[in-house]
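Structure file coords.pdb with PDB, C-alpha atoms, pLDDT in the B column:
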MODEL        1
ATOM      1  CA  ASP A   1       0.000   0.000   0.000  1.00 69.00           C
ATOM      2  CA  ILE A   2       1.192   3.423  -0.915  1.00 78.00           C
ATOM      3  CA  LEU A   3      -0.401   6.765  -0.147  1.00 80.00           C
ATOM      4  CA  PRO A   4       0.118   9.810  -2.362  1.00 87.00           C
ATOM      5  CA  VAL A   5       0.014  13.199  -0.620  1.00 88.00           C
ATOM      6  CA  VAL A   6      -1.398  15.828  -2.978  1.00 92.00           C
ATOM      7  CA  ASP A   7      -1.358  19.626  -2.653  1.00 93.00           C
ATOM      8  CA  LEU A   8      -4.877  20.476  -3.831  1.00 93.00           C
ATOM      9  CA  ASN A   9      -3.975  24.138  -4.424  1.00 94.00           C
ATOM     10  CA  THR A  10      -1.152  23.373  -6.852  1.00 95.00           C
ATOM     11  CA  GLN A  11      -2.675  20.048  -7.950  1.00 94.00           C
ATOM     12  CA  LYS A  12       0.713  18.337  -7.605  1.00 95.00           C
ATOM     13  CA  VAL A  13       1.868  15.236  -5.776  1.00 95.00           C
ATOM     14  CA  VAL A  14       4.053  16.383  -2.863  1.00 94.00           C
ATOM     15  CA  HIS A  15       5.368  12.926  -1.960  1.00 89.00           C
ATOM     16  CA  ILE A  16       4.285   9.306  -1.804  1.00 88.00           C
ATOM     17  CA  ASP A  17       4.241   7.522   1.552  1.00 82.00           C
ATOM     18  CA  GLY A  18       5.062   3.828   1.616  1.00 79.00           C
ATOM     19  CA  LEU A  19       7.636   3.517  -1.146  1.00 83.00           C
ATOM     20  CA  ASP A  20      10.462   2.974   1.370  1.00 82.00           C
ATOM     21  CA  ARG A  21       8.583   0.528   3.606  1.00 77.00           C
ATOM     22  CA  LEU A  22       9.706  -3.005   4.389  1.00 78.00           C
ATOM     23  CA  PRO A  23       7.635  -5.844   2.891  1.00 77.00           C
ATOM     24  CA  PRO A  24       4.648  -6.910   4.997  1.00 74.00           C
ATOM     25  CA  PRO A  25       4.964  -9.811   7.455  1.00 75.00           C
ATOM     26  CA  THR A  26       3.924 -13.297   6.400  1.00 80.00           C
ATOM     27  CA  ILE A  27       0.231 -13.949   6.898  1.00 75.00           C
ATOM     28  CA  PRO A  28      -0.426 -17.102   8.941  1.00 74.00           C
ATOM     29  CA  GLU A  29      -2.239 -19.861   7.086  1.00 78.00           C
ATOM     30  CA  LEU A  30      -3.886 -21.314  10.184  1.00 78.00           C
ATOM     31  CA  SER A  31      -7.647 -21.784  10.156  1.00 75.00           C
ATOM     32  CA  VAL A  32      -9.773 -19.458  12.297  1.00 81.00           C
ATOM     33  CA  ASN A  33     -13.564 -19.487  12.028  1.00 80.00           C
ATOM     34  CA  TYR A  34     -16.008 -17.661  14.272  1.00 80.00           C
ATOM     35  CA  HIS A  35     -19.243 -19.148  12.969  1.00 82.00           C
ATOM     36  CA  ARG A  36     -20.784 -21.476  15.537  1.00 79.00           C
ATOM     37  CA  GLU A  37     -20.866 -24.435  13.134  1.00 85.00           C
ATOM     38  CA  LEU A  38     -17.222 -23.971  12.047  1.00 85.00           C
ATOM     39  CA  LEU A  39     -15.494 -23.549  15.435  1.00 85.00           C
ATOM     40  CA  SER A  40     -14.413 -27.189  15.439  1.00 87.00           C
ATOM     41  CA  THR A  41     -12.237 -26.536  12.341  1.00 87.00           C
ATOM     42  CA  ASN A  42     -10.027 -23.927  14.071  1.00 84.00           C
ATOM     43  CA  SER A  43      -6.262 -24.533  14.120  1.00 81.00           C
ATOM     44  CA  TYR A  44      -5.969 -22.306  17.189  1.00 75.00           C
ATOM     45  CA  LEU A  45      -8.347 -20.336  19.407  1.00 79.00           C
ATOM     46  CA  GLN A  46     -11.405 -22.099  20.773  1.00 82.00           C
ATOM     47  CA  THR A  47     -12.852 -25.113  19.003  1.00 85.00           C
ATOM     48  CA  GLN A  48     -16.241 -25.208  20.722  1.00 83.00           C
ATOM     49  CA  TRP A  49     -18.921 -22.726  21.736  1.00 80.00           C
ATOM     50  CA  ARG A  50     -18.654 -21.246  25.235  1.00 79.00           C
ATOM     51  CA  GLN A  51     -20.163 -23.372  27.955  1.00 81.00           C
ATOM     52  CA  ASP A  52     -20.159 -20.690  30.672  1.00 85.00           C
ATOM     53  CA  ARG A  53     -23.329 -18.844  29.655  1.00 81.00           C
ATOM     54  CA  LEU A  54     -23.990 -15.416  31.111  1.00 85.00           C
ATOM     55  CA  LYS A  55     -26.719 -15.027  33.694  1.00 89.00           C
ATOM     56  CA  ALA A  56     -29.829 -13.025  32.803  1.00 89.00           C
ATOM     57  CA  LEU A  57     -29.627  -9.247  33.112  1.00 89.00           C
ATOM     58  CA  ASP A  58     -32.949  -7.648  34.059  1.00 89.00           C
ATOM     59  CA  ILE A  59     -33.198  -3.867  33.965  1.00 88.00           C
ATOM     60  CA  THR A  60     -36.259  -2.387  35.612  1.00 90.00           C
ATOM     61  CA  GLN A  61     -37.480   1.099  36.425  1.00 91.00           C
ATOM     62  CA  PRO A  62     -40.078   0.625  39.153  1.00 93.00           C
ATOM     63  CA  GLU A  63     -40.832   4.368  39.269  1.00 94.00           C
ATOM     64  CA  GLY A  64     -40.964   4.646  35.489  1.00 92.00           C
ATOM     65  CA  PRO A  65     -38.410   6.194  33.124  1.00 92.00           C
ATOM     66  CA  SER A  66     -36.709   9.496  33.928  1.00 93.00           C
ATOM     67  CA  PHE A  67     -37.271  10.715  30.359  1.00 95.00           C
ATOM     68  CA  THR A  68     -40.374  11.628  28.377  1.00 96.00           C
ATOM     69  CA  VAL A  69     -41.162  11.214  24.692  1.00 95.00           C
ATOM     70  CA  THR A  70     -43.618  13.695  23.184  1.00 95.00           C
ATOM     71  CA  ASP A  71     -44.601  14.798  19.706  1.00 92.00           C
ATOM     72  CA  GLY A  72     -43.604  11.365  18.353  1.00 91.00           C
ATOM     73  CA  ASN A  73     -39.813  11.645  18.634  1.00 95.00           C
ATOM     74  CA  LEU A  74     -38.917  14.508  21.016  1.00 97.00           C
ATOM     75  CA  VAL A  75     -37.032  13.113  24.015  1.00 97.00           C
ATOM     76  CA  THR A  76     -36.670  15.220  27.174  1.00 98.00           C
ATOM     77  CA  TRP A  77     -34.330  14.033  29.916  1.00 96.00           C
ATOM     78  CA  GLN A  78     -33.049  16.202  32.772  1.00 95.00           C
ATOM     79  CA  ASN A  79     -31.845  19.375  30.971  1.00 96.00           C
ATOM     80  CA  TRP A  80     -31.486  17.649  27.588  1.00 98.00           C
ATOM     81  CA  THR A  81     -33.862  17.684  24.617  1.00 98.00           C
ATOM     82  CA  LEU A  82     -33.330  15.879  21.339  1.00 98.00           C
ATOM     83  CA  ARG A  83     -35.212  14.403  18.431  1.00 97.00           C
ATOM     84  CA  VAL A  84     -34.645  10.755  17.583  1.00 95.00           C
ATOM     85  CA  GLY A  85     -34.691   9.623  13.976  1.00 92.00           C
ATOM     86  CA  PHE A  86     -33.814   6.474  12.102  1.00 87.00           C
ATOM     87  CA  ASN A  87     -32.934   5.608   8.530  1.00 83.00           C
ATOM     88  CA  TYR A  88     -31.802   2.525   6.655  1.00 78.00           C
ATOM     89  CA  ARG A  89     -28.241   3.710   6.010  1.00 75.00           C
ATOM     90  CA  GLU A  90     -27.161   5.163   9.358  1.00 77.00           C
ATOM     91  CA  GLY A  91     -29.555   3.594  11.812  1.00 80.00           C
ATOM     92  CA  LEU A  92     -30.075   5.896  14.812  1.00 86.00           C
ATOM     93  CA  VAL A  93     -29.832   9.632  14.039  1.00 91.00           C
ATOM     94  CA  LEU A  94     -30.052  12.360  16.697  1.00 95.00           C
ATOM     95  CA  HIS A  95     -31.386  15.793  15.682  1.00 97.00           C
ATOM     96  CA  ASP A  96     -31.530  19.183  17.424  1.00 97.00           C
ATOM     97  CA  VAL A  97     -29.708  18.126  20.587  1.00 98.00           C
ATOM     98  CA  CYS A  98     -29.915  20.891  23.204  1.00 98.00           C
ATOM     99  CA  PHE A  99     -28.771  21.229  26.798  1.00 98.00           C
ATOM    100  CA  ASP A 100     -30.601  23.736  28.977  1.00 97.00           C
ATOM    101  CA  GLY A 101     -32.074  25.294  25.833  1.00 96.00           C
ATOM    102  CA  ARG A 102     -28.670  25.798  24.167  1.00 97.00           C
ATOM    103  CA  PRO A 103     -27.963  23.974  20.885  1.00 97.00           C
ATOM    104  CA  VAL A 104     -25.231  21.330  21.171  1.00 97.00           C
ATOM    105  CA  LEU A 105     -25.591  19.289  17.985  1.00 96.00           C
ATOM    106  CA  LYS A 106     -27.709  19.826  14.874  1.00 97.00           C
ATOM    107  CA  ARG A 107     -27.436  16.258  13.571  1.00 95.00           C
ATOM    108  CA  GLY A 108     -25.356  13.277  14.601  1.00 90.00           C
ATOM    109  CA  SER A 109     -25.157   9.636  13.588  1.00 83.00           C
ATOM    110  CA  LEU A 110     -22.707   6.761  13.532  1.00 72.00           C
ATOM    111  CA  VAL A 111     -22.045   7.124   9.827  1.00 66.00           C
ATOM    112  CA  GLU A 112     -19.706   9.969  10.719  1.00 60.00           C
ATOM    113  CA  MET A 113     -17.617   7.564  12.817  1.00 61.00           C
ATOM    114  CA  ALA A 114     -14.289   6.933  11.104  1.00 63.00           C
ATOM    115  CA  VAL A 115     -12.531   3.737  12.174  1.00 64.00           C
ATOM    116  CA  PRO A 116      -8.731   3.558  11.838  1.00 64.00           C
ATOM    117  CA  TYR A 117      -7.703   0.000  11.151  1.00 66.00           C
ATOM    118  CA  GLY A 118      -5.024  -2.151  12.658  1.00 66.00           C
ATOM    119  CA  ASP A 119      -1.486  -1.209  11.852  1.00 68.00           C
ATOM    120  CA  PRO A 120      -0.171   2.032  13.430  1.00 71.00           C
ATOM    121  CA  HIS A 121       2.736   2.131  10.963  1.00 70.00           C
ATOM    122  CA  PRO A 122       2.832   4.282   7.819  1.00 67.00           C
ATOM    123  CA  PRO A 123       0.844   4.579   5.646  1.00 65.00           C
ATOM    124  CA  TYR A 124      -1.939   2.715   7.476  1.00 67.00           C
ATOM    125  CA  GLN A 125      -2.270   5.292  10.264  1.00 67.00           C
ATOM    126  CA  ARG A 126      -3.692   7.663   7.633  1.00 66.00           C
ATOM    127  CA  LYS A 127      -6.238   5.197   6.314  1.00 67.00           C
ATOM    128  CA  CYS A 128      -9.641   4.625   7.827  1.00 65.00           C
ATOM    129  CA  ALA A 129     -13.100   3.498   6.840  1.00 63.00           C
ATOM    130  CA  PHE A 130     -16.577   4.856   7.382  1.00 59.00           C
ATOM    131  CA  ASP A 131     -17.850   1.495   8.597  1.00 59.00           C
ATOM    132  CA  VAL A 132     -21.456   2.014   9.467  1.00 60.00           C
ATOM    133  CA  GLY A 133     -22.663   3.838   6.362  1.00 57.00           C
ATOM    134  CA  ASP A 134     -20.964   1.457   3.966  1.00 59.00           C
ATOM    135  CA  TYR A 135     -23.205  -1.438   4.940  1.00 61.00           C
ATOM    136  CA  GLY A 136     -26.362   0.302   6.104  1.00 65.00           C
ATOM    137  CA  LEU A 137     -26.614  -0.042   9.869  1.00 67.00           C
ATOM    138  CA  GLY A 138     -30.373   0.399   9.675  1.00 70.00           C
ATOM    139  CA  TYR A 139     -30.651  -2.825   7.677  1.00 71.00           C
ATOM    140  CA  CYS A 140     -28.911  -4.653  10.528  1.00 70.00           C
ATOM    141  CA  ALA A 141     -31.182  -3.286  13.272  1.00 72.00           C
ATOM    142  CA  ASN A 142     -34.087  -5.027  14.994  1.00 71.00           C
ATOM    143  CA  SER A 143     -37.259  -3.395  16.203  1.00 70.00           C
ATOM    144  CA  LEU A 144     -37.301  -2.847  19.962  1.00 69.00           C
ATOM    145  CA  GLU A 145     -40.909  -3.573  20.822  1.00 68.00           C
ATOM    146  CA  ARG A 146     -42.341  -4.999  23.971  1.00 63.00           C
TER     147      ARG A 146
ENDMDL
END

Rewritten as structure tokens:
Amino acid sequence: DILPVVDLNTQKVVHIDGLDRLPPPTIPELSVNYHRELLSTNSYLQTQWRQDRLKALDITQPEGPSFTVTDGNLVTWQNWTLRVGFNYREGLVLHDVCFDGRPVLKRGSLVEMAVPYGDPHPPYQRKCAFDVGDYGLGYCANSLER
């Protein structure tokens, strides 16, 4: 992998990162599968599903929630107000977030989350992916209904 650095004002390549890098390490050829039906084929890591199941987690609010939802999607909680939205690409989207009547955020969603991957060495530290929007987080979501 190489990474050209371009001066957009002059429209010229300033330099190219990665030309002087050592070759990448050898990739292991051992088998690793995370699908429940394929765990037994692993060369290393676990070869069977976990036997120590987690105990149930019950969350209750005997006095009711400390937030209110009005006008369909307006959430009020302590000094916060925000509108909750949802779409197929980003999933959860927050709109008009205010604290004590002061605007904090006009619109926010996970699609703006950039994820740097793996190797901290050049040029990988400059590469990242916009994970959530690429696949459509909303398509992966389930309805939370009682």

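Distance check against A:Leu22 using all atoms listed in the file: of A:Leu38, A:Val97, A:Ile2, A:Ile59, the minimum falls on A:Ile2.
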
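You will find atom CA of A:Pro65 at 14.5 Å from atom CA of A:Trp80.
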
Inset, instruction - For atom CA of A:Lys106 and atom CA of A:Gln78, quote the distance in Å rounded to one decimal. - result: 19.0 Å

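Going from atom CA of A:Trp77 to atom CA of A:Asp96 covers 13.8 Å.
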